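Enquirer: One structure, pasted below without further comment.
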Amino acid sequence: MSSVKDWAAPTPISENRGGLIGKGVDRYEGRLKVTGSAPFAYEVEAPSPPAYGVLIASPIAKGTVTLADISEARVAPGVLLVWTPHNVPAQGERGAKINPRSQRGSNPALAERIEHFGQHVGFVVADTLENAKAAAALVRFDYAAEPADLIFEDNLDAADQPEGEEDVRVGDFEAAFAGAPVRLDETYVSPLQNHAQMEPCATTAWWDGDNVTVHTSIQMVKGGQHTLAETLMIPSTQVRLVTRYIGGGFGGKGQAYDDLTLAALAARELGQPVKVAYTRQQMFQATIHRPAVHMRVRLGAQADGRLDAFALEAVTHCRRETPFTEHAANFARSLYAAPNRLTGHRLVKLDIPAAGPMRAPGEASGMLSLECAMDELAEQLGLDPIELRLRNEPETDPETGKPFSTRQLVRCMTEGAQRFGWDRRHPKPGQVRDGRWLVGLGMAAAIRGNFLLPAKAGVRIDADGTITLRQGMTDIGTGTYTILAQITAETLGVPLAQVKVELGDSDFPPAPGSGGQFGAATAGSAAFAAGMNLRTALAELATGDPNSPLYGDDPELVTFGGGHIAVDNRAEPLDRLVARAAPDGIYVEGSITPAADARDYSQHTYGAHFAEVGVDPDTGEVRLRRMFGVFAAGRILNAKTAMSQITGGMIWGVGTALHEYNAVDPRYGSFIAQDLAGYHVPAHADIADLSAMFLDEVDDKANPMGIKGVGELGIAGAGAAIANAVYNACGARIRQYPLTPEKVLAALP
Amino acid sequence: MKAFTYERPGDVATALALVAEIPGARFLAGGTNLVDLMKLRIEQPTHLVDVSRLPLAEIEDTPEGGLRLGAMTTNSQVAADARVRARYPALAQAILSGASGQLRNKATTAGNLLQRTRCPYFYDTSKPCNKRAPGAGCAAIGGISSNTAIFGASDACIATHPSDMAVALTALDAKVETQSGAGEARVLALEGFHRLPGDTPHVETELRPAEMITAVVLPPPPPGGQIYRKARERASYAFAIGSVAVAGGRVALGAVAHKPWRAEAAELALEQGASPAEAMDAELRAARPDGHNDYKLKLMARLGAACLTTTGAGDGQ
Ligand SMILES: Cc1cc2nc3c(=O)[nH]c(=O)nc-3n(C[C@H](O)[C@H](O)[C@H](O)COP(=O)(O)OP(=O)(O)OC[C@H]3O[C@@H](n4cnc5c(N)ncnc54)[C@H](O)[C@@H]3O)c2cc1C
Ligand code: SF4
């Protein structure tokens with residue numbers, strides 16, 4: 001295992017001679033996607049004509065299936081198979097090999113016990129999708145329903161400490177808070193959200209003897225492969241899982257769902273390929289969601305604004321059988337200085353669909369509380385909100401005392417304030433009008449952890465000079481294909497067009513997948529390591545080949561650039577070398593593991609959001625007028641894809657503040673919004689003028705390339721900046737997100 | 001979706017005859033509502049008679065100085081028409097505030113009037129709904145939907161009509177022209193076209209089975225200002241949570257009832273010299289919020305008063 005010192009040495013990436021690192025090159029697969037020629041899992045052509053599966057959902061939240069009558073459906077036109085809890089094939093227990101935090105999908109599929117509304121109780125396969133749907137309507141079920149706990153707010157008293165977790169305390173919070181001259185004690189509520197990916201969960205499966213191939217929409221290749229193997233009770237080597245293109249994941253496709261299980265089981269049963277996709281409604285009811293969080297923030301400050309006491313206590317919910325904690329307080333452990341600290345989580349177990357990770361789990365919800373509380377405290381103290389944050393800027397991690405690897409939060413705030421025109425903010429709310437609109441400005445800080453996980457990658461060079469990178473990584477629409485091509489091309493000193501990237505296949509060297517904004521750093525570092533190993537192999541090949549102009553040179557002195565391998569002025573093109581000396585090509589692998597001492601540093605990405613909103617005093621409608629963010633997230637690999645990620649995150653933050661939520665019906669346990677007409681994410685008209693910039697940064701404690709994640713940072717804090725701007729515009733402080741017209745209107749005088 | 005057959009007759013008479021003769025047959029216009037509902041099995045026609053390409057897509061001047069909008073004019077076409085924009089700005093504003101550009105390109109004048117409610121329990125077929133299955137009960141009552149009616153709701157149904165266009169047309173005193181099987185033609189005032197739910201919420205309009213809308217006729221624009229304003233949960237592509245149309249002295253409210261709501265009490269108050277705020281108060285006195293939709297009182301009071309102030313309705317009386 002390496003140490004972070006090794007990572008600081010110059011590399012082809014830091015030298016960036018080809019200029020590919022950071023360049024805003026277009027998406028590798030962009031053309032395929034916009035022309036509709038990128039096959040998503042459901043569209044993958046099967047080796048023989050497929051059958052089509054349709055899922056049937058439970059209308060009750062808790063209880064048992066007592067009767068499943070398939071007699072009519074079984075004989076309906078085109079029907080090949082009808083499964084219910086009473087005849088579905090046996091499935092293996094899951095859990096041995098998989099991460100219990102994020103990989104545990106419902107298992108077994110079509111269980112007799114109902115644990116939430118929308119759980120699948122029936123499955124019909126027919127020759128056409130239409131026949132399958134028609135037959136699905138003919139299956140009759142009876143249920144023995146049981147009382148269920150459905151509403152979070154009604155069950156707050158039942159909140160418990162999550163298993164294996166303890167509150168984190170530093171100093172004596174209670175005493176310090178009691179003695180603080182200025183105090184704030186408020187509760188903020190973040191909304192339950194659904195991932196609402198464009199592409200639903202979908203699988204195309206077929207068998208070849210004892211081996212199954214599945215094309216499915218999943219963020220984690222290995223996790224999905226092992227899960228399916230366990231379910232089918234076969235070795236993982238008999239499962240090939242492929243996921244080339246994913247139409248949005250956001251954490252919601254970290255695990256396998258019933259489409260994967262049942263497509264594979266049915267394809268085995270029928271000896272024919274089977275396709276299964278979730279409906280839009282099933283995407284809401286039968287996957288995971290971001291749970292709502294009640295967050296109590298207590299701040300105790302000196303009159304000059306320095307915090308003595310800080311507490312964030314988060315209560316959230318999960319499905320009874322699937323423990324998951326939305327760690328909404330974790331981010332705050334590294335954000336502001338305060339000698340006396342308390343952070344912790346409590347969990348309410350409900351009989352609704354499973355809670356799980358969604359883009360920036362923890363931060364996305366958590367920062368909605370503290371970043372408003374800081375705004376409220378600043379007003380109490382008569383300080384500018386940025387000044388309050390500056391006065392509480394820690395020198396080392398405030399909880400652990402570890403040094404920061406890099407921390408440019410202050411610069412993000414000051415630079416952002418200047419570019420945004422923060423000085424135009426009127427400190428008193430409700431003072432600025434533009435026509436009928438009340439106008440206000442708000443800001444918030446952003447922080448999101450940075451992670452590196454173990455990963456591998458394989459790279460080969462062929463006789464024609466083509467370099468192919470292969471990795472069991474996924475691209476969930478974020479640009480992974482593209483940045484891996486850039487890293488590989490830069491490492492080997494070849495033009496981008498000479499590099500091919502192949503992802504999303506369990507036959508490829510494993511990478512953990514997309515999530516937790518660790519994808520680029522993890523997959524990229526492994527690709528870089530593989531590229532470096534290929535350089536070594538090529539250098540040895542050239543210097544050992546009597547026909548090479550480099551013959552006899554020291555392999556250590558070999559350089560790569562412009563598609564050539566060279567020592568001093570002796571050079572030859574890579575394709576000529578490989579064609580002559582290794583006509584079958586060369587394949588090497590590389591891997592990355594976190595450095596032994598990487599965790600000696602407090603490692604995060606940072607940012608600051610600035611927002612201007614208008615509030616319509618007639619209707620309570622809030623409209624974003626302008627938003628700007630400044631971020632520090634390590635070395636940027638691709639200016640374009642990074643910008644898309646960061647502004648996409650900010651837009652999600654706008655949606656979280658203003659539009660996006662779901663609610664559970666207290667009688668049925670179903671979500672009230674079940675389609676995209678009712679579940680509102682921002683439309684184009686909601687995002688008028690929104691932009692961002694990155695500060696220059698290299699974090700050499702993060703990984704050998706000095707990069708960090710950008711996928712989740714943009715959402716962290718964004719919603720709080722909007723809520724603060726709403727307060728500044730109209731004086732309505734709403735602590736329950738989203739700030740819908742209904743709530744704003746109620747708060748307006 | 002349930003299996004169905006489809007055909008596209010070339011003339012109105014054939015279309016009328018087909019729908020009259022074939023049990024379960026329905027007219028298909030832009031399909032933006034009907035097809036969605038078919039996919040969810042909420043609507044289950046046996047046969048679709050596509051009327052979208054019948055010669056009913058003209059916008060013509062009437063001898064009275066109004067406009068006749070053919071039933072198959074698209075929402076985009078009407079909103080972009082220079083005459084509509086100049087003389088009926090409230091209608092253009094209402095249409096443009098609805099749905100999205102793509103949908104408005106397909107959606108038709110007739111289809112828009114006949115679009116069905118967006119009550120979430122109507123869409124969730126696992127729930128009882130008197131509109132879907134008469135007599136089954138109403139899951140929205142006691143539920144958590146807050147975009148429900150404050151006027152004219154019944155014990156059977158508390159849903160609202162979702163159309164923006166119909167609210168403007170009500171304020172503009174439009175008429176609906178129809179034809180049915182034997183060629184019988186009728187003219188219905190839009191104001192009485194949609195029904196309150198009563199105990200038959202599945203019967204939504206005065207249209208008879210197999211009767212076709214052929215046109216919507218606008219009278220000459222009334223003297224005075226016009227406006228349509230819509231409150232919604234995002235800047236575009238969301239249904240109204242409350243809307244107001246004013247055309248001269250006529251006022252209609254949207255998203256408050258099972259039909260576009262003509263605000264006669266407000267109109268009367270204005271005539272009698274009330275201020276905009278007083279006029280809205282007069283109207284909202286009859287409102288019956290249900291605990292989940294109380295915000296609509298404040299919303300409609302303010303939005304209505306703002307619209308009336310902008311158009312100057314009631315001024316100088
Ligand atoms: C996501 C989404 C958002 C939307 N947002 C809005 C919004 O904000 N505001 C708004 O007002 N609307 C909105 N709409 C609704 C849209 O306006 C309607 O779907 C559209 O107007 C229906 O017109 P159509 O021609 O497609 O009707 P169709 O779907 O073809 O038909 C609707 C009904 O009318 C009947 N019909 C059609 N033509 C005739 C005729 N000539 N005679 C008799 N019966 C006929 C059909 O049988 C059917 O019952 C939205 C729709 C969607 C899908
Ligand atoms: S309000 Fe009307 S549409 Fe909604 S569930 Fe009740 S009966 Fe059905």
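The chains in the structure tokens are called A, B, ... from first to last as shown; in each chain the residues are counted from 1, and the ligands are counted from 1 in the order shown.
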Write down, as a PyMOL selection string, each residue of chain A that has any atom within 10 Å of an atom of chain B, counting only C-alpha atoms.
Expert: chain A and resi 57-60+118+129-135+137+281+436+616-624+655+658-660+663-668+670-687+739-743+745-746
Enquirer: Could you give me, as a PyMOL selection string, the residues within 8 Å of A:Leu55, counting only C-alpha atoms and dropping anything in the same chain fewer than 5 positions from it?
Expert: chain A and resi 120-124+136+278
Enquirer: As an exercise, work out the distance from atom CA of B:Ile150 to atom 28 (P, counted along the ligand's line) of ligand 1 in Å and give it to one decimal place.
Expert: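 Straight-line distance from atom CA of B:Ile150 to atom 28 (P, counted along the ligand's line) of ligand 1 works out to 26.8 Å.
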Enquirer: Could you list, as a PyMOL selection string, all the residues within 8 Å of ligand 1, counting only C-alpha atoms and all ligand atoms?
Expert: (chain A and resi 676-677) or (chain B and resi 26-36+51-52+71-72+74-75+94-95+97-100+103-104+106-116+162-166+178+207+210-214+236-240)
Enquirer: Give me the residues within 8 Å of A:Ala520 as a list in words, counting only C-alpha atoms and dropping any in the same chain fewer than 5 places off.
Expert: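 Result of the neighbour search: Thr480, Ile483, Ser525, Ile707, Lys708 and Gly709 of chain A.
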Enquirer: Kindly compile the residues surrounding ligand 2 within 8 Å, counting only C-alpha atoms and all ligand atoms, and format them as a list in words.
Expert: Thr117, Arg118, Cys119, Pro120, Tyr121, Phe122, Lys127, Pro128, Cys129, Asn130, Lys131, Arg132, Gly137, Cys138, Ala139, Ala140, Ile141, Thr148, Ala156, Cys157, Ile158, Ala159, Thr160, Pro197 and Pro201 of chain B
Enquirer: According to DSSP computed on the backbone, where in stretch 540-617 of chain A is there helix (DSSP H, G or I)? Give the residues as a list in words.
Expert: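 Put together, the selection reads Glu540, Leu541, Ala542, Thr543, Pro555, Glu556, Leu557, Leu574, Asp575, Arg576, Leu577, Val578, Ala579, Arg580, Ala581, Ala598, Arg599 and Asp600 of chain A.
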Enquirer: For the residues in that selection, give me all heavy atoms as a CSV table (one decimal), in the first residue's frame.
Expert:
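After the write, selection_3.csv holds the following:
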```csv
chain,number,residue,atom,x,y,z
A,540,GLU,N,9.9,-1.3,-21.7
A,540,GLU,CA,10.7,-2.5,-21.7
A,540,GLU,C,10.8,-3.2,-23.1
A,540,GLU,O,11.8,-3.7,-23.5
A,540,GLU,CB,10.3,-3.5,-20.6
A,540,GLU,CG,10.8,-3.0,-19.2
A,540,GLU,CD,10.1,-3.7,-18.1
A,540,GLU,OE1,9.2,-4.6,-18.3
A,540,GLU,OE2,10.4,-3.3,-16.9
A,541,LEU,N,9.6,-3.1,-23.7
A,541,LEU,CA,9.5,-3.7,-25.0
A,541,LEU,C,10.5,-3.0,-26.0
A,541,LEU,O,11.2,-3.7,-26.7
A,541,LEU,CB,8.1,-3.6,-25.5
A,541,LEU,CG,7.7,-4.3,-26.9
A,541,LEU,CD1,7.8,-5.8,-26.7
A,541,LEU,CD2,6.4,-3.9,-27.4
A,542,ALA,N,10.4,-1.7,-26.0
A,542,ALA,CA,11.2,-0.9,-27.0
A,542,ALA,C,12.7,-1.0,-26.7
A,542,ALA,O,13.5,-1.3,-27.6
A,542,ALA,CB,10.8,0.5,-26.9
A,543,THR,N,13.0,-0.9,-25.4
A,543,THR,CA,14.5,-0.9,-25.1
A,543,THR,C,15.1,-2.3,-25.2
A,543,THR,O,16.3,-2.4,-25.3
A,543,THR,CB,14.7,-0.3,-23.7
A,543,THR,OG1,13.9,-1.1,-22.7
A,543,THR,CG2,14.3,1.1,-23.6
A,555,PRO,N,15.1,2.0,-19.7
A,555,PRO,CA,13.6,2.1,-19.7
A,555,PRO,C,13.1,3.3,-18.9
A,555,PRO,O,12.1,3.9,-19.1
A,555,PRO,CB,13.1,0.8,-19.2
A,555,PRO,CG,14.3,-0.2,-19.1
A,555,PRO,CD,15.5,0.6,-19.2
A,556,GLU,N,13.9,3.6,-17.8
A,556,GLU,CA,13.5,4.7,-17.0
A,556,GLU,C,13.4,6.0,-17.7
A,556,GLU,O,12.8,7.0,-17.2
A,556,GLU,CB,14.4,4.8,-15.8
A,556,GLU,CG,14.4,3.6,-14.8
A,556,GLU,CD,13.3,3.6,-13.9
A,556,GLU,OE1,13.0,4.7,-13.3
A,556,GLU,OE2,12.6,2.5,-13.7
A,557,LEU,N,14.2,6.1,-18.7
A,557,LEU,CA,14.4,7.4,-19.4
A,557,LEU,C,13.4,7.6,-20.6
A,557,LEU,O,13.4,8.6,-21.2
A,557,LEU,CB,15.8,7.6,-19.9
A,557,LEU,CG,16.9,7.6,-18.9
A,557,LEU,CD1,18.3,7.7,-19.5
A,557,LEU,CD2,16.7,8.7,-17.9
A,574,LEU,N,4.0,4.3,-31.5
A,574,LEU,CA,3.6,3.2,-30.7
A,574,LEU,C,3.1,2.0,-31.6
A,574,LEU,O,3.4,0.9,-31.3
A,574,LEU,CB,2.6,3.6,-29.7
A,574,LEU,CG,3.0,4.4,-28.5
A,574,LEU,CD1,1.8,4.8,-27.6
A,574,LEU,CD2,4.0,3.7,-27.7
A,575,ASP,N,2.3,2.4,-32.6
A,575,ASP,CA,1.7,1.3,-33.4
A,575,ASP,C,2.8,0.5,-34.1
A,575,ASP,O,2.8,-0.7,-34.2
A,575,ASP,CB,0.6,1.8,-34.3
A,575,ASP,CG,1.1,2.9,-35.2
A,575,ASP,OD1,2.2,3.5,-35.0
A,575,ASP,OD2,0.4,3.3,-36.2
A,576,ARG,N,3.9,1.2,-34.6
A,576,ARG,CA,4.9,0.5,-35.3
A,576,ARG,C,5.6,-0.4,-34.3
A,576,ARG,O,5.9,-1.6,-34.6
A,576,ARG,CB,5.9,1.5,-35.9
A,576,ARG,CG,6.8,0.8,-36.9
A,576,ARG,CD,7.9,1.7,-37.4
A,576,ARG,NE,7.5,3.0,-38.0
A,576,ARG,CZ,8.3,4.1,-38.1
A,576,ARG,NH1,9.5,4.0,-37.7
A,576,ARG,NH2,7.8,5.2,-38.6
A,577,LEU,N,5.9,0.1,-33.1
A,577,LEU,CA,6.6,-0.8,-32.1
A,577,LEU,C,5.8,-2.0,-31.8
A,577,LEU,O,6.3,-3.1,-31.8
A,577,LEU,CB,6.8,0.1,-30.8
A,577,LEU,CG,7.2,-0.8,-29.6
A,577,LEU,CD1,8.6,-1.3,-29.8
A,577,LEU,CD2,7.1,0.1,-28.3
A,578,VAL,N,4.5,-1.8,-31.5
A,578,VAL,CA,3.7,-2.9,-31.1
A,578,VAL,C,3.5,-3.9,-32.3
A,578,VAL,O,3.6,-5.1,-32.1
A,578,VAL,CB,2.3,-2.5,-30.5
A,578,VAL,CG1,1.4,-3.6,-30.2
A,578,VAL,CG2,2.6,-1.6,-29.3
A,579,ALA,N,3.2,-3.4,-33.4
A,579,ALA,CA,3.0,-4.3,-34.6
A,579,ALA,C,4.2,-5.1,-34.8
A,579,ALA,O,4.1,-6.3,-35.2
A,579,ALA,CB,2.7,-3.4,-35.9
A,580,ARG,N,5.4,-4.6,-34.6
A,580,ARG,CA,6.6,-5.4,-34.9
A,580,ARG,C,7.0,-6.3,-33.7
A,580,ARG,O,7.2,-7.5,-33.9
A,580,ARG,CB,7.8,-4.4,-35.1
A,580,ARG,CG,9.1,-5.1,-35.5
A,580,ARG,CD,10.2,-4.1,-35.6
A,580,ARG,NE,10.5,-3.4,-34.3
A,580,ARG,CZ,10.3,-2.1,-34.1
A,580,ARG,NH1,9.9,-1.3,-35.0
A,580,ARG,NH2,10.6,-1.7,-32.9
A,581,ALA,N,6.9,-5.7,-32.5
A,581,ALA,CA,7.5,-6.5,-31.4
A,581,ALA,C,6.5,-7.2,-30.5
A,581,ALA,O,6.9,-8.1,-29.8
A,581,ALA,CB,8.3,-5.5,-30.5
A,598,ALA,N,-3.8,8.0,4.2
A,598,ALA,CA,-4.7,9.0,3.7
A,598,ALA,C,-5.7,9.5,4.7
A,598,ALA,O,-6.2,10.7,4.7
A,598,ALA,CB,-5.5,8.5,2.4
A,599,ARG,N,-6.1,8.6,5.6
A,599,ARG,CA,-7.1,9.0,6.6
A,599,ARG,C,-6.5,9.8,7.7
A,599,ARG,O,-7.3,10.2,8.7
A,599,ARG,CB,-7.9,7.8,7.1
A,599,ARG,CG,-8.8,7.2,6.1
A,599,ARG,CD,-10.1,8.1,5.8
A,599,ARG,NE,-10.4,8.2,4.4
A,599,ARG,CZ,-11.2,9.1,3.9
A,599,ARG,NH1,-11.7,10.1,4.6
A,599,ARG,NH2,-11.5,9.1,2.6
A,600,ASP,N,-5.3,10.2,7.6
A,600,ASP,CA,-4.7,11.1,8.6
A,600,ASP,C,-5.1,12.5,8.3
A,600,ASP,O,-4.7,13.4,9.0
A,600,ASP,CB,-3.2,11.0,8.6
A,600,ASP,CG,-2.7,9.6,9.2
A,600,ASP,OD1,-3.6,8.9,9.7
A,600,ASP,OD2,-1.5,9.3,9.0
```
Enquirer: Any chance you could list, as number ranges by chain, the residues in stretch 197-306 of chain B that come up strand (DSSP E) when DSSP is run on the backbone?
Expert: B: 212-218, 226-231, 242-247, 250-254, 261-262
Enquirer: Could you please take those selected residues and save N, CA and C atoms as a PDB file, in the first residue's frame?
Expert:
```
ATOM      1  N   MET B 212     -70.008  15.185 -30.672  1.00  0.00           N
ATOM      2  CA  MET B 212     -68.663  15.685 -30.965  1.00  0.00           C
ATOM      3  C   MET B 212     -68.614  17.206 -30.845  1.00  0.00           C
ATOM      4  N   ILE B 213     -67.568  17.698 -30.232  1.00  0.00           N
ATOM      5  CA  ILE B 213     -67.337  19.145 -30.249  1.00  0.00           C
ATOM      6  C   ILE B 213     -66.769  19.488 -31.627  1.00  0.00           C
ATOM      7  N   THR B 214     -67.371  20.469 -32.291  1.00  0.00           N
ATOM      8  CA  THR B 214     -66.847  20.859 -33.604  1.00  0.00           C
ATOM      9  C   THR B 214     -66.147  22.211 -33.563  1.00  0.00           C
ATOM     10  N   ALA B 215     -66.537  23.062 -32.620  1.00  0.00           N
ATOM     11  CA  ALA B 215     -65.883  24.365 -32.542  1.00  0.00           C
ATOM     12  C   ALA B 215     -66.138  25.004 -31.189  1.00  0.00           C
ATOM     13  N   VAL B 216     -65.309  25.979 -30.874  1.00  0.00           N
ATOM     14  CA  VAL B 216     -65.556  26.868 -29.734  1.00  0.00           C
ATOM     15  C   VAL B 216     -65.647  28.271 -30.302  1.00  0.00           C
ATOM     16  N   VAL B 217     -66.722  28.974 -29.951  1.00  0.00           N
ATOM     17  CA  VAL B 217     -66.952  30.288 -30.543  1.00  0.00           C
ATOM     18  C   VAL B 217     -66.769  31.371 -29.493  1.00  0.00           C
ATOM     19  N   LEU B 218     -65.933  32.339 -29.841  1.00  0.00           N
ATOM     20  CA  LEU B 218     -65.700  33.470 -28.957  1.00  0.00           C
ATOM     21  C   LEU B 218     -66.559  34.640 -29.411  1.00  0.00           C
ATOM     22  N   GLN B 226     -58.008  42.502 -20.045  1.00  0.00           N
ATOM     23  CA  GLN B 226     -58.038  41.042 -19.892  1.00  0.00           C
ATOM     24  C   GLN B 226     -56.737  40.579 -19.248  1.00  0.00           C
ATOM     25  N   ILE B 227     -56.849  39.512 -18.493  1.00  0.00           N
ATOM     26  CA  ILE B 227     -55.626  38.920 -17.933  1.00  0.00           C
ATOM     27  C   ILE B 227     -55.900  37.484 -17.547  1.00  0.00           C
ATOM     28  N   TYR B 228     -54.867  36.657 -17.611  1.00  0.00           N
ATOM     29  CA  TYR B 228     -54.917  35.321 -17.010  1.00  0.00           C
ATOM     30  C   TYR B 228     -53.663  35.163 -16.186  1.00  0.00           C
ATOM     31  N   ARG B 229     -53.833  34.856 -14.919  1.00  0.00           N
ATOM     32  CA  ARG B 229     -52.665  34.550 -14.081  1.00  0.00           C
ATOM     33  C   ARG B 229     -52.879  33.232 -13.368  1.00  0.00           C
ATOM     34  N   LYS B 230     -51.775  32.507 -13.264  1.00  0.00           N
ATOM     35  CA  LYS B 230     -51.837  31.140 -12.757  1.00  0.00           C
ATOM     36  C   LYS B 230     -50.776  30.958 -11.690  1.00  0.00           C
ATOM     37  N   ALA B 231     -51.156  30.470 -10.535  1.00  0.00           N
ATOM     38  CA  ALA B 231     -50.166  30.120  -9.499  1.00  0.00           C
ATOM     39  C   ALA B 231     -49.898  28.628  -9.593  1.00  0.00           C
ATOM     40  N   GLY B 242     -54.178  27.493  -8.442  1.00  0.00           N
ATOM     41  CA  GLY B 242     -55.202  28.522  -8.424  1.00  0.00           C
ATOM     42  C   GLY B 242     -54.942  29.428  -9.606  1.00  0.00           C
ATOM     43  N   SER B 243     -55.997  29.839 -10.307  1.00  0.00           N
ATOM     44  CA  SER B 243     -55.777  30.756 -11.421  1.00  0.00           C
ATOM     45  C   SER B 243     -56.973  31.688 -11.541  1.00  0.00           C
ATOM     46  N   VAL B 244     -56.738  32.798 -12.210  1.00  0.00           N
ATOM     47  CA  VAL B 244     -57.774  33.813 -12.354  1.00  0.00           C
ATOM     48  C   VAL B 244     -57.767  34.322 -13.788  1.00  0.00           C
ATOM     49  N   ALA B 245     -58.957  34.382 -14.400  1.00  0.00           N
ATOM     50  CA  ALA B 245     -59.107  35.017 -15.705  1.00  0.00           C
ATOM     51  C   ALA B 245     -60.076  36.182 -15.553  1.00  0.00           C
ATOM     52  N   VAL B 246     -59.680  37.306 -16.092  1.00  0.00           N
ATOM     53  CA  VAL B 246     -60.575  38.460 -16.105  1.00  0.00           C
ATOM     54  C   VAL B 246     -60.697  38.932 -17.542  1.00  0.00           C
ATOM     55  N   ALA B 247     -61.943  39.166 -17.980  1.00  0.00           N
ATOM     56  CA  ALA B 247     -62.175  39.721 -19.310  1.00  0.00           C
ATOM     57  C   ALA B 247     -63.251  40.779 -19.152  1.00  0.00           C
ATOM     58  N   ARG B 250     -66.079  40.265 -16.542  1.00  0.00           N
ATOM     59  CA  ARG B 250     -66.311  38.852 -16.194  1.00  0.00           C
ATOM     60  C   ARG B 250     -65.061  38.246 -15.574  1.00  0.00           C
ATOM     61  N   VAL B 251     -65.310  37.434 -14.565  1.00  0.00           N
ATOM     62  CA  VAL B 251     -64.203  36.852 -13.810  1.00  0.00           C
ATOM     63  C   VAL B 251     -64.422  35.346 -13.695  1.00  0.00           C
ATOM     64  N   ALA B 252     -63.375  34.569 -13.944  1.00  0.00           N
ATOM     65  CA  ALA B 252     -63.454  33.124 -13.732  1.00  0.00           C
ATOM     66  C   ALA B 252     -62.227  32.665 -12.959  1.00  0.00           C
ATOM     67  N   LEU B 253     -62.429  31.628 -12.135  1.00  0.00           N
ATOM     68  CA  LEU B 253     -61.345  31.108 -11.307  1.00  0.00           C
ATOM     69  C   LEU B 253     -61.054  29.665 -11.699  1.00  0.00           C
ATOM     70  N   GLY B 254     -59.798  29.294 -11.641  1.00  0.00           N
ATOM     71  CA  GLY B 254     -59.396  27.929 -11.994  1.00  0.00           C
ATOM     72  C   GLY B 254     -58.815  27.195 -10.804  1.00  0.00           C
ATOM     73  N   TRP B 261     -64.639  28.075 -12.677  1.00  0.00           N
ATOM     74  CA  TRP B 261     -65.590  28.688 -11.741  1.00  0.00           C
ATOM     75  C   TRP B 261     -65.843  30.141 -12.099  1.00  0.00           C
ATOM     76  N   ARG B 262     -67.056  30.392 -12.577  1.00  0.00           N
ATOM     77  CA  ARG B 262     -67.428  31.777 -12.868  1.00  0.00           C
ATOM     78  C   ARG B 262     -67.674  32.491 -11.552  1.00  0.00           C
TER      79      ARG B 262
END
```
Enquirer: A:Ala256: which residues within 9 Å, counting only C-alpha atoms, same-chain residues fewer than 2 positions away excluded, as a list in words?
Expert: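 Close residues of A:Ala256: Gln103, Arg104, Gly105, Ser106, Cys201, Thr216, Ser217, Ile218, Met220, Gly223, Gly224, Gln225, Thr227, Leu228, Lys253, Gly254, Asp258, Asp259, Leu260 and Thr261 of chain A.
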Enquirer: So that I can check the surroundings of B:Leu196, please list as a ChimeraX atom specification every protein, DNA and RNA residue that reaches within 12 Å of it, counting only C-alpha atoms and ignoring chain neighbours fewer than 3 positions away.
Expert: /B:149-161,191-193,199-206,256-261
Enquirer: Please provide as a PyMOL selection string all residues within 10 Å of stretch 484-496 of chain A, with the sequence filter that same-chain residues fewer than 6 positions apart are discarded (counting only C-alpha atoms).
Expert: chain A and resi 11-23+25+28+459+465-471+502-503+520+523-532+534-535+538+559-565+573-574+637-638+705
Enquirer: As JSON, numbers by chain, please: the residues near stretch 4-11 of chain B (cut-off 8 Å, only C-alpha atoms, same-chain neighbours under 3 positions excluded).
Expert: {"B": [14, 15, 45, 46, 47, 48, 49, 50, 51, 53, 54, 55]}
Enquirer: Check the smallest atom-to-atom distance from each of A:Gly209, A:Pro583, A:Pro273, A:Gly366 to A:Tyr42 using only C-alpha atoms, then report the winner.
Expert: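 Of A:Gly209, A:Pro583, A:Pro273, A:Gly366, the one nearest A:Tyr42 is A:Pro273, counting only C-alpha atoms.
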